[in-house]
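Chemist: Contents are compact mmCIF, C-alpha atoms; file name start03.txt:
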# COMPACT_ATOMS: atom_id res chain seq x y z
CA MET A 1 4.27 -19.00 -17.94
CA LYS A 2 3.00 -15.45 -18.51
CA GLY A 3 4.44 -12.51 -16.60
CA LEU A 4 4.02 -8.72 -16.79
CA VAL A 5 7.57 -7.53 -17.38
CA LYS A 6 9.12 -4.07 -17.06
CA TYR A 7 11.93 -4.69 -19.51
CA ALA A 8 13.76 -1.35 -19.54
CA GLU A 9 13.97 2.06 -17.86
CA GLY A 10 11.68 4.74 -19.28
CA HIS A 11 7.98 5.46 -19.70
CA GLY A 12 6.06 2.33 -20.59
CA ASN A 13 8.44 -0.45 -21.56
CA MET A 14 6.11 -3.05 -20.02
CA GLU A 15 4.54 -6.04 -21.72
CA LEU A 16 3.12 -9.48 -21.02
CA ARG A 17 5.83 -11.98 -21.87
CA ASP A 18 6.54 -15.69 -21.69
CA VAL A 19 8.91 -16.01 -18.73
CA PRO A 20 10.52 -19.07 -17.12
CA GLU A 21 8.53 -20.71 -14.33
CA PRO A 22 10.58 -20.21 -11.15
CA LYS A 23 12.09 -23.02 -9.09
CA PRO A 24 12.57 -22.60 -5.32
CA GLY A 25 16.12 -22.76 -4.03
CA ALA A 26 17.29 -23.52 -0.51
CA GLY A 27 15.09 -21.76 2.04
CA GLN A 28 12.64 -20.57 -0.62
CA VAL A 29 8.95 -21.12 -1.22
CA LYS A 30 7.18 -21.27 -4.58
CA ILE A 31 3.68 -19.81 -4.58
CA LYS A 32 0.92 -20.28 -7.13
CA ILE A 33 -0.59 -16.82 -7.43
CA HIS A 34 -4.30 -16.41 -6.73
CA GLY A 35 -4.42 -12.71 -7.54
CA THR A 36 -2.26 -9.58 -7.44
CA GLY A 37 -3.47 -6.09 -6.64
CA ILE A 38 -2.46 -3.03 -8.63
CA CYS A 39 -0.64 -0.51 -6.44
CA GLY A 40 0.03 3.17 -7.07
CA SER A 41 3.71 2.28 -7.17
CA ASP A 42 3.01 -0.06 -10.10
CA ILE A 43 1.81 3.01 -11.98
CA HIS A 44 5.03 4.79 -10.97
CA ILE A 45 6.97 1.78 -12.30
CA TYR A 46 5.09 2.05 -15.60
CA HIS A 47 6.01 5.74 -15.85
CA SER A 48 9.54 5.20 -14.44
CA SER A 49 8.89 7.69 -11.65
CA ILE A 50 9.77 5.45 -8.72
CA ALA A 51 12.80 5.94 -6.46
CA ILE A 52 12.98 2.30 -5.32
CA PRO A 53 15.89 0.42 -6.99
CA MET A 54 14.90 -1.70 -9.98
CA ARG A 55 16.67 -4.33 -12.05
CA PHE A 56 15.59 -4.97 -15.62
CA PRO A 57 13.97 -7.03 -16.96
CA VAL A 58 11.78 -7.86 -13.98
CA THR A 59 8.33 -9.35 -13.56
CA THR A 60 6.34 -6.73 -11.64
CA GLY A 61 3.64 -7.00 -8.97
CA HIS A 62 3.93 -7.28 -5.19
CA GLU A 63 0.44 -7.28 -3.58
CA PHE A 64 -0.60 -10.92 -3.74
CA SER A 65 -1.82 -14.10 -2.12
CA GLY A 66 -1.63 -17.70 -3.18
CA LEU A 67 -1.08 -21.35 -2.39
CA VAL A 68 2.29 -22.90 -1.63
CA SER A 69 3.04 -25.18 -4.57
CA GLU A 70 6.60 -26.28 -3.72
CA VAL A 71 9.21 -25.73 -1.02
CA GLY A 72 12.97 -25.68 -1.40
CA PRO A 73 15.54 -27.58 0.66
CA GLY A 74 15.63 -26.61 4.32
CA VAL A 75 12.17 -25.08 4.48
CA GLU A 76 10.34 -26.01 7.67
CA GLY A 77 6.85 -25.24 8.95
CA ILE A 78 5.50 -24.35 5.50
CA ASN A 79 3.68 -27.01 3.50
CA VAL A 80 2.37 -27.45 -0.01
CA GLY A 81 -1.21 -26.20 -0.12
CA ASP A 82 -0.81 -23.58 2.62
CA ARG A 83 -2.70 -20.33 2.01
CA VAL A 84 -0.15 -17.53 2.33
CA VAL A 85 0.81 -13.92 1.74
CA SER A 86 4.34 -12.58 1.57
CA GLU A 87 6.28 -9.50 2.54
CA THR A 88 7.87 -7.59 -0.31
CA ALA A 89 11.29 -6.86 1.22
CA TYR A 90 12.89 -9.85 -0.50
CA SER A 91 16.41 -9.11 0.70
CA PHE A 92 18.33 -6.62 2.86
CA CYS A 93 21.77 -6.45 4.39
CA GLY A 94 20.87 -7.43 7.97
CA LYS A 95 23.89 -5.51 9.28
CA CYS A 96 23.14 -1.79 9.02
CA PHE A 97 21.62 0.32 11.79
CA CYS A 98 18.11 0.15 10.28
CA CYS A 99 18.21 -3.63 9.95
CA ARG A 100 19.55 -4.07 13.47
CA VAL A 101 16.68 -2.11 14.99
CA GLY A 102 14.12 -4.03 12.93
CA MET A 103 13.49 -1.33 10.32
CA TYR A 104 14.72 -3.35 7.37
CA ASN A 105 12.23 -1.49 5.18
CA LEU A 106 14.74 1.41 5.32
CA CYS A 107 17.89 -0.60 4.55
CA ASN A 108 19.92 0.92 1.70
CA GLU A 109 20.42 -2.60 0.38
CA ARG A 110 16.73 -3.54 0.51
CA ARG A 111 15.64 -5.15 -2.73
CA VAL A 112 11.95 -5.57 -3.38
CA LEU A 113 9.79 -8.22 -4.99
CA GLY A 114 8.42 -6.92 -8.27
CA TYR A 115 11.18 -4.33 -8.55
CA TRP A 116 14.45 -6.23 -8.24
CA TYR A 117 13.23 -9.81 -7.94
CA ASN A 118 10.57 -11.32 -10.16
CA GLY A 119 7.17 -10.58 -8.66
CA ALA A 120 3.54 -11.61 -8.71
CA PHE A 121 1.95 -10.36 -11.94
CA ALA A 122 2.50 -13.92 -13.07
CA GLU A 123 1.34 -17.48 -12.45
CA TYR A 124 4.03 -18.25 -9.87
CA THR A 125 6.60 -16.43 -7.78
CA VAL A 126 9.33 -17.50 -5.34
CA VAL A 127 10.08 -15.83 -2.00
CA PRO A 128 12.31 -16.57 1.01
CA GLN A 129 10.52 -18.61 3.68
CA GLU A 130 10.97 -15.95 6.36
CA LYS A 131 8.83 -13.52 4.33
CA ILE A 132 5.79 -15.81 4.45
CA HIS A 133 2.72 -15.08 6.61
CA PRO A 134 -0.05 -17.71 6.76
CA LEU A 135 -3.57 -16.50 6.09
CA PRO A 136 -6.07 -16.97 8.94
CA ASP A 137 -8.95 -19.28 8.03
CA ASN A 138 -11.49 -16.44 7.89
CA ILE A 139 -9.51 -14.37 5.37
CA SER A 140 -10.14 -15.32 1.75
CA LEU A 141 -7.37 -15.50 -0.82
CA THR A 142 -8.87 -12.49 -2.61
CA THR A 143 -8.87 -10.42 0.57
CA GLY A 144 -5.41 -11.76 1.34
CA ALA A 145 -4.09 -10.18 -1.84
CA MET A 146 -4.87 -6.78 -0.27
CA ILE A 147 -3.01 -7.39 2.99
CA GLU A 148 0.25 -5.90 1.66
CA PRO A 149 -1.06 -2.32 1.30
CA LEU A 150 -2.83 -2.67 4.65
CA ALA A 151 0.50 -3.67 6.21
CA CYS A 152 1.99 -0.44 4.85
CA VAL A 153 -0.94 1.48 6.34
CA ALA A 154 -0.56 -0.33 9.67
CA ASN A 155 3.08 0.70 9.69
CA ALA A 156 2.10 4.33 9.12
CA VAL A 157 -0.90 4.55 11.45
CA LEU A 158 -0.01 2.14 14.27
CA GLU A 159 3.79 2.13 14.35
CA GLU A 160 4.93 5.57 13.17
CA THR A 161 2.03 7.73 14.39
CA ARG A 162 0.29 8.03 17.74
CA VAL A 163 -3.50 7.92 17.36
CA GLU A 164 -5.51 8.12 20.56
CA VAL A 165 -9.18 7.64 21.41
CA ASN A 166 -11.29 10.66 20.36
CA ASP A 167 -8.45 12.21 18.33
CA LEU A 168 -9.67 14.11 15.30
CA VAL A 169 -7.99 12.41 12.36
CA LEU A 170 -8.04 13.78 8.83
CA VAL A 171 -7.30 11.46 5.91
CA ILE A 172 -6.57 13.30 2.67
CA GLY A 173 -7.15 11.15 -0.40
CA PRO A 174 -9.87 8.44 -0.47
CA GLY A 175 -8.08 5.85 -2.60
CA ALA A 176 -7.52 2.33 -1.34
CA ILE A 177 -4.71 3.46 0.98
CA GLY A 178 -6.76 6.36 2.35
CA LEU A 179 -9.80 4.17 2.93
CA MET A 180 -7.62 1.66 4.77
CA ALA A 181 -5.99 4.39 6.86
CA ALA A 182 -9.40 5.79 7.77
CA GLN A 183 -10.61 2.36 8.92
CA VAL A 184 -7.49 1.75 11.01
CA ALA A 185 -7.83 5.17 12.64
CA LYS A 186 -11.49 4.36 13.41
CA ALA A 187 -10.34 1.09 14.97
CA CYS A 188 -8.13 3.19 17.27
CA GLY A 189 -11.20 5.08 18.50
CA ALA A 190 -10.60 8.29 16.54
CA VAL A 191 -13.14 10.58 14.94
CA VAL A 192 -12.24 10.41 11.27
CA VAL A 193 -12.70 12.87 8.40
CA ILE A 194 -11.78 11.76 4.87
CA SER A 195 -11.56 14.17 1.95
CA GLY A 196 -11.40 13.99 -1.83
CA THR A 197 -12.57 15.73 -4.98
CA SER A 198 -15.40 15.16 -7.42
CA ILE A 199 -13.35 12.62 -9.37
CA ASP A 200 -13.31 10.56 -6.16
CA GLN A 201 -17.09 10.31 -5.92
CA VAL A 202 -17.19 6.50 -5.97
CA ARG A 203 -14.48 6.37 -3.33
CA LEU A 204 -16.20 8.95 -1.15
CA GLU A 205 -19.42 6.94 -1.32
CA LYS A 206 -17.46 3.87 -0.23
CA ALA A 207 -16.13 5.83 2.75
CA LYS A 208 -19.71 6.50 3.80
CA GLU A 209 -20.56 2.81 3.45
CA LEU A 210 -17.57 1.96 5.65
CA GLY A 211 -18.89 4.21 8.42
CA ILE A 212 -16.27 6.95 8.25
CA ASP A 213 -17.56 9.80 10.42
CA TYR A 214 -17.26 12.71 7.97
CA VAL A 215 -16.85 12.42 4.21
CA VAL A 216 -15.98 15.63 2.37
CA ASN A 217 -15.83 16.58 -1.30
CA ILE A 218 -13.58 19.64 -1.07
CA GLN A 219 -15.03 21.02 -4.32
CA GLU A 220 -18.46 21.18 -2.69
CA GLU A 221 -17.69 21.73 1.00
CA ASN A 222 -15.20 23.78 2.98
CA LEU A 223 -12.89 21.25 4.62
CA GLU A 224 -11.14 23.80 6.83
CA GLU A 225 -14.44 25.04 8.24
CA LEU A 226 -15.46 21.49 9.10
CA ILE A 227 -12.13 20.71 10.78
CA ASN A 228 -12.33 23.93 12.79
CA SER A 229 -15.93 23.25 13.84
CA LEU A 230 -15.01 19.76 15.05
CA SER A 231 -11.91 20.93 16.93
CA ALA A 232 -12.93 24.26 18.47
CA GLY A 233 -10.69 25.93 15.91
CA ARG A 234 -7.54 24.00 16.84
CA GLY A 235 -7.21 21.78 13.76
CA ALA A 236 -6.84 18.04 13.31
CA ASP A 237 -4.80 16.12 15.87
CA VAL A 238 -3.46 13.80 13.17
CA VAL A 239 -3.39 14.07 9.38
CA PHE A 240 -2.63 11.15 7.09
CA GLU A 241 -1.77 12.46 3.62
CA CYS A 242 -2.63 9.75 1.10
CA SER A 243 -3.27 11.72 -2.09
CA ALA A 244 0.42 12.38 -2.89
CA SER A 245 -0.72 15.67 -4.45
CA VAL A 246 0.82 19.07 -3.81
CA PRO A 247 -2.52 20.60 -2.71
CA GLY A 248 -3.10 17.63 -0.43
CA ILE A 249 0.31 17.91 1.19
CA ASN A 250 -0.08 21.62 1.78
CA SER A 251 -3.57 21.07 3.19
CA ALA A 252 -2.14 18.55 5.62
CA LEU A 253 0.25 21.15 7.01
CA GLN A 254 -2.48 23.79 7.06
CA LEU A 255 -5.17 21.73 8.77
CA ALA A 256 -3.08 19.99 11.42
CA ARG A 257 -3.31 21.65 14.81
CA LYS A 258 -0.32 23.21 16.55
CA MET A 259 1.83 20.39 17.95
CA GLY A 260 -0.16 17.99 15.77
CA GLN A 261 1.06 15.09 13.67
CA VAL A 262 1.27 14.81 9.88
CA THR A 263 2.17 11.47 8.34
CA GLN A 264 2.90 11.29 4.63
CA ILE A 265 1.79 7.93 3.22
CA GLY A 266 1.22 8.75 -0.46
CA LEU A 267 4.30 8.78 -2.70
CA PRO A 268 4.37 11.94 -4.86
CA GLY A 269 6.80 10.44 -7.38
CA GLY A 270 8.98 13.57 -7.40
CA SER A 271 9.84 16.76 -5.53
CA VAL A 272 7.02 19.05 -4.38
CA ASN A 273 6.76 22.67 -3.23
CA ILE A 274 5.38 23.08 0.29
CA ASP A 275 5.15 25.82 2.87
CA TYR A 276 7.90 24.30 5.01
CA ALA A 277 7.82 27.13 7.54
CA LYS A 278 4.47 25.88 8.86
CA ILE A 279 6.27 22.90 10.36
CA ALA A 280 8.34 25.23 12.54
CA TYR A 281 5.67 27.79 13.33
CA LYS A 282 3.17 25.12 14.37
CA HIS A 283 5.63 22.74 16.05
CA LEU A 284 4.33 19.96 13.82
CA LYS A 285 5.61 16.43 14.02
CA VAL A 286 5.93 15.40 10.37
CA THR A 287 6.99 11.95 9.30
CA GLY A 288 7.00 9.80 6.22
CA THR A 289 6.63 6.05 5.99
CA LEU A 290 7.80 3.49 3.48
CA GLY A 291 6.65 -0.09 3.18
CA SER A 292 6.21 -2.38 6.14
CA ILE A 293 7.93 -4.63 8.66
CA TYR A 294 7.03 -7.97 10.24
CA SER A 295 4.99 -6.46 13.08
CA SER A 296 2.87 -4.34 10.75
CA TRP A 297 2.02 -7.45 8.72
CA GLU A 298 0.85 -9.22 11.86
CA LYS A 299 -1.22 -6.18 12.84
CA ALA A 300 -2.77 -5.99 9.37
CA LEU A 301 -3.76 -9.64 9.43
CA ASN A 302 -5.27 -9.24 12.91
CA LEU A 303 -7.25 -6.15 11.86
CA VAL A 304 -8.88 -8.07 9.01
CA ALA A 305 -9.34 -11.35 10.91
CA SER A 306 -11.08 -9.44 13.73
CA GLU A 307 -13.28 -7.63 11.18
CA LYS A 308 -12.07 -4.18 12.20
CA VAL A 309 -11.00 -3.43 8.63
CA ASP A 310 -13.00 -4.34 5.52
CA LEU A 311 -10.78 -4.94 2.50
CA GLN A 312 -13.11 -7.04 0.38
CA SER A 313 -15.50 -4.18 -0.32
CA LEU A 314 -12.64 -2.09 -1.74
CA LEU A 315 -12.21 -4.46 -4.68
CA THR A 316 -13.65 -2.98 -7.87
CA ALA A 317 -12.80 -5.70 -10.38
CA LYS A 318 -10.74 -8.79 -11.09
CA LEU A 319 -9.23 -8.87 -14.58
CA PRO A 320 -7.05 -11.41 -16.39
CA LEU A 321 -3.34 -10.65 -16.78
CA GLU A 322 -3.95 -10.06 -20.48
CA GLU A 323 -6.06 -6.99 -19.61
CA TRP A 324 -3.37 -5.31 -17.52
CA LYS A 325 -3.37 -2.14 -19.62
CA THR A 326 -7.09 -1.67 -19.10
CA ALA A 327 -6.72 -2.24 -15.37
CA PHE A 328 -3.77 0.18 -15.11
CA GLU A 329 -5.69 2.87 -17.01
CA LYS A 330 -8.82 2.50 -14.91
CA PHE A 331 -6.79 2.60 -11.71
CA GLU A 332 -4.82 5.67 -12.79
CA ASN A 333 -8.04 7.42 -13.88
CA LYS A 334 -9.59 6.71 -10.46
CA GLU A 335 -12.37 4.60 -11.96
CA GLY A 336 -13.19 2.57 -8.89
CA ILE A 337 -10.91 1.71 -5.98
CA LYS A 338 -8.93 -1.52 -6.21
CA TYR A 339 -8.13 -3.69 -9.22
CA MET A 340 -6.68 -7.18 -9.18
CA LEU A 341 -5.01 -9.15 -11.95
CA MET A 342 -5.75 -12.87 -11.98
CA PRO A 343 -3.38 -15.30 -13.75
CA ASP A 344 -6.08 -17.96 -14.14
CA ALA A 345 -8.98 -15.70 -15.10
Take the structure in this file and express it as structure tokens.
Modeler:
Amino acid sequence: MKGLVKYAEGHGNMELRDVPEPKPGAGQVKIKIHGTGICGSDIHIYHSSIAIPMRFPVTTGHEFSGLVSEVGPGVEGINVGDRVVSETAYSFCGKCFCCRVGMYNLCNERRVLGYWYNGAFAEYTVVPQEKIHPLPDNISLTTGAMIEPLACVANAVLEETRVEVNDLVLVIGPGAIGLMAAQVAKACGAVVVISGTSIDQVRLEKAKELGIDYVVNIQEENLEELINSLSAGRGADVVFECSASVPGINSALQLARKMGQVTQIGLPGGSVNIDYAKIAYKHLKVTGTLGSIYSSWEKALNLVASEKVDLQSLLTAKLPLEEWKTAFEKFENKEGIKYMLMPDA
């Protein structure tokens, strides 16, 4: 079968290769891939600017949905033909403090599908049965392939941050993650502002279509003036930083109110310079989030099944695996929102 392989450390070093079709072992499930979304971290993998452990060569890709095609010995409750999605934390120690309190996404021994274990930019992948989540009947396979990033957003917005009704929430960065975060915050009853630049015009227009309360191009409007006018000069109650840019991160600290919350969702891919003193002077509660856990997957699925979050409209294009370079380039250049690679296209 074909698989998109990162075959060595360093910039690039990715190619579509013939790779062995996987076979499920005991407790494992083989999935025929419907489609796999391109994530910002896949771009980091391409550039070798990711801090998550990798093992080479590895078939990449981790945002996917598909049909169960085979189950290994001992698998129960999962049947051939089931429509499923899968968590990405393929393995973890199960013994450390983080694992014991249910935060296995932070385990030092966590090894991730598409990084350490062969992933989903391929025709088939294999995952442990306990990572499987069935798709509700009203969620399509294409939408299902976007549940993984929404689970990460649900972890950030619903588990690691407190968003209350009528809070003023600022989302910096209107990419797929930012547009998901804005929708989840709206579902919590918040008043939501999302910001971007002129290169984000398509994404900002999508935010308007999704009903986000205030959509701001910071090269044409003064974001700080808007936030102050909406908050009687206090600042935003909550800021979700999704751009992973230095200006975005500093704006998050600047525009959050005193005793407000700032949650870093975007991954900068390296160290950044920030005005760290603002955290102390403003008594800010600043947190970061990484990945997802079981409960955030269940929340993500419920948000889509109940039609509180629209993922389908974020999809810009489906492309065959053979056109992965084109899809990566368009995604990195912010041409559109979400791209998906299809093994059978």
Chemist: Using all atoms listed in the file, which protein or nucleic acid residues come within 10 Å of Leu223 in chain A? Drop anything in the same chain fewer than 2 positions from it, and give the result as a PyMOL selection string.
Modeler: chain A and resi 170+193-196+215-221+225-229+251+255
Chemist: From the list A:Gly114, A:Gly235, A:Gly211, A:Pro134, which residue is nearest Val68 in chain A when using all atoms listed in the file?
Modeler: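 With all atoms listed in the file as the atom set, the closest residue is A:Pro134.
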Chemist: Here is a test: counting all atoms listed in the file, which residue of A:Gly270, A:Pro53, A:Gly66, A:Gly260 is nearest to Glu123 in chain A?
Modeler: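 Among A:Gly270, A:Pro53, A:Gly66, A:Gly260, it is A:Gly66 that comes nearest to Glu123 in chain A.
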Chemist: Which residue, A:Pro22, A:Gly102, A:Gly288, A:Gly144, has the smallest gap to Gln312 in chain A when you use all atoms listed in the file?
Modeler: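 When distances to Gln312 in chain A are compared using all atoms listed in the file, the smallest one comes from A:Gly144.
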Chemist: State, in Å with one decimal place, the distance from CA of Val171 in chain A to CA of Lys318 in chain A.
Modeler: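 It comes out at 26.7 Å.
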Chemist: Hey, can you check how far CA of Thr143 in chain A sits from CA of Leu168 in chain A?
Modeler: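 Distance between the two atoms: 28.6 Å.
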Chemist: Take CA of Asn302 in chain A and CA of Glu148 in chain A and report the distance between them in Å, one decimal.
Modeler: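 Interatomic distance, CA of Asn302 in chain A to CA of Glu148 in chain A: 13.0 Å.
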Chemist: For the point (-0.3, -1.2, -8.0) in the file's frame, write as a list in words all residues with an atom no more than 9 Å away, counting all atoms listed in the file.
Modeler: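 In the file's frame, the residues around the point are Thr36, Gly37, Ile38, Cys39, Gly40, Ser41, Asp42, Ile43, His44, Ile45, Gly61, His62, Glu63, Phe328, Phe331, Lys338, Tyr339 and Met340 of chain A.
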Chemist: Pick the closest to Tyr124 in chain A from A:Ala154, A:Leu4, A:Asn222, A:His47: which is it, counting all atoms listed in the file?
Modeler: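 The answer is A:Leu4, which sits nearest to Tyr124 in chain A.
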Chemist: As a list in words, please: the residues near Asn250 in chain A (cut-off 10 Å, only C-alpha atoms, same-chain neighbours under 6 positions excluded).
Modeler: Glu241, Val272, Asn273, Ile274, Asp275, Tyr276 and Lys278 of chain A
Chemist: My list of candidates is A:Ala122, A:Ala176, A:Ala8, A:Ala187. Which is closest to Ala207 in chain A when distances are computed with all atoms listed in the file?
Modeler: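 Nearest candidate to Ala207 in chain A out of A:Ala122, A:Ala176, A:Ala8, A:Ala187: A:Ala176.
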Chemist: Tell me, as a ChimeraX atom specification, which residues lie within 12 Å of Lys308 in chain A, counting only C-alpha atoms; anything in the same chain fewer than 6 positions away does not count.
Modeler: /A:180-189,210-211,299-302
Chemist: Between A:Leu106, A:Val112, A:Ala145, A:Val238, which has the minimum distance to Leu315 in chain A (counting all atoms listed in the file)?
Modeler: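 For Leu315 in chain A, the nearest of the given residues is A:Ala145.
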Chemist: Could you name the residues that touch Leu319 in chain A at 7 Å or less, counting all atoms listed in the file, but leaving out those on the same chain fewer than 5 positions away, as a PDB file with C-alpha atoms, keeping the file's coordinate frame?
Modeler:
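Final output, saved to part-v4.pdb:
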ATOM      1  CA  MET A 340      -6.680  -7.180  -9.180  1.00  0.00           C
ATOM      2  CA  LEU A 341      -5.010  -9.150 -11.950  1.00  0.00           C
ATOM      3  CA  MET A 342      -5.750 -12.870 -11.980  1.00  0.00           C
ATOM      4  CA  ALA A 345      -8.980 -15.700 -15.100  1.00  0.00           C
TER       5      ALA A 345
END
Chemist: So which residues touch range 77-92 of chain A within 7 Å, counting all atoms listed in the file, skipping near sequence neighbours fewer than 6 positions away, as a PyMOL selection string?
Modeler: chain A and resi 62+64-70+104-105+107+109-113+127-128+131-135+144
Chemist: Could you please fill out range 90-114 of chain A with N, CA and C atoms and send it back as a short mmCIF file (atom, residue, chain, number, x, y, z; two decimals), in the frame of the given file?
Modeler:
data_model
loop_
_atom_site.label_atom_id
_atom_site.label_comp_id
_atom_site.auth_asym_id
_atom_site.auth_seq_id
_atom_site.Cartn_x
_atom_site.Cartn_y
_atom_site.Cartn_z
N TYR A 90 12.33 -8.54 -0.16
CA TYR A 90 12.89 -9.85 -0.50
C TYR A 90 14.26 -10.04 0.14
N SER A 91 15.07 -9.01 0.10
CA SER A 91 16.41 -9.11 0.70
C SER A 91 16.84 -7.77 1.26
N PHE A 92 17.73 -7.81 2.26
CA PHE A 92 18.33 -6.62 2.86
C PHE A 92 19.61 -7.05 3.53
N CYS A 93 20.42 -6.10 3.95
CA CYS A 93 21.77 -6.45 4.39
C CYS A 93 21.80 -7.17 5.74
N GLY A 94 20.89 -6.82 6.65
CA GLY A 94 20.87 -7.43 7.97
C GLY A 94 21.93 -6.91 8.92
N LYS A 95 22.76 -5.97 8.47
CA LYS A 95 23.89 -5.51 9.28
C LYS A 95 23.84 -4.02 9.62
N CYS A 96 23.15 -3.24 8.81
CA CYS A 96 23.14 -1.79 9.02
C CYS A 96 22.30 -1.42 10.24
N PHE A 97 22.36 -0.15 10.61
CA PHE A 97 21.62 0.32 11.79
C PHE A 97 20.13 0.03 11.64
N CYS A 98 19.55 0.34 10.48
CA CYS A 98 18.11 0.15 10.28
C CYS A 98 17.73 -1.32 10.44
N CYS A 99 18.50 -2.20 9.83
CA CYS A 99 18.21 -3.63 9.95
C CYS A 99 18.31 -4.09 11.39
N ARG A 100 19.33 -3.60 12.10
CA ARG A 100 19.55 -4.07 13.47
C ARG A 100 18.46 -3.62 14.43
N VAL A 101 17.78 -2.55 14.12
CA VAL A 101 16.68 -2.11 14.99
C VAL A 101 15.32 -2.56 14.43
N GLY A 102 15.35 -3.46 13.46
CA GLY A 102 14.12 -4.03 12.93
C GLY A 102 13.45 -3.25 11.83
N MET A 103 14.07 -2.16 11.37
CA MET A 103 13.49 -1.33 10.32
C MET A 103 14.15 -1.66 8.98
N TYR A 104 14.08 -2.92 8.61
CA TYR A 104 14.72 -3.35 7.37
C TYR A 104 14.06 -2.76 6.13
N ASN A 105 12.87 -2.19 6.30
CA ASN A 105 12.23 -1.49 5.18
C ASN A 105 13.03 -0.25 4.76
N LEU A 106 13.94 0.22 5.62
CA LEU A 106 14.74 1.41 5.32
C LEU A 106 16.19 1.08 4.97
N CYS A 107 16.52 -0.20 4.88
CA CYS A 107 17.89 -0.60 4.55
C CYS A 107 18.27 -0.11 3.15
N ASN A 108 19.46 0.46 3.02
CA ASN A 108 19.92 0.92 1.70
C ASN A 108 20.06 -0.23 0.71
N GLU A 109 20.26 -1.43 1.24
CA GLU A 109 20.42 -2.60 0.38
C GLU A 109 19.12 -3.38 0.20
N ARG A 110 18.01 -2.85 0.69
CA ARG A 110 16.73 -3.54 0.51
C ARG A 110 16.41 -3.68 -0.97
N ARG A 111 16.05 -4.88 -1.36
CA ARG A 111 15.64 -5.15 -2.73
C ARG A 111 14.27 -5.79 -2.70
N VAL A 112 13.37 -5.31 -3.54
CA VAL A 112 11.95 -5.57 -3.38
C VAL A 112 11.41 -6.48 -4.47
N LEU A 113 10.50 -7.36 -4.05
CA LEU A 113 9.79 -8.22 -4.99
C LEU A 113 9.00 -7.36 -5.97
N GLY A 114 9.12 -7.69 -7.24
CA GLY A 114 8.42 -6.92 -8.27
C GLY A 114 9.17 -5.71 -8.76
#
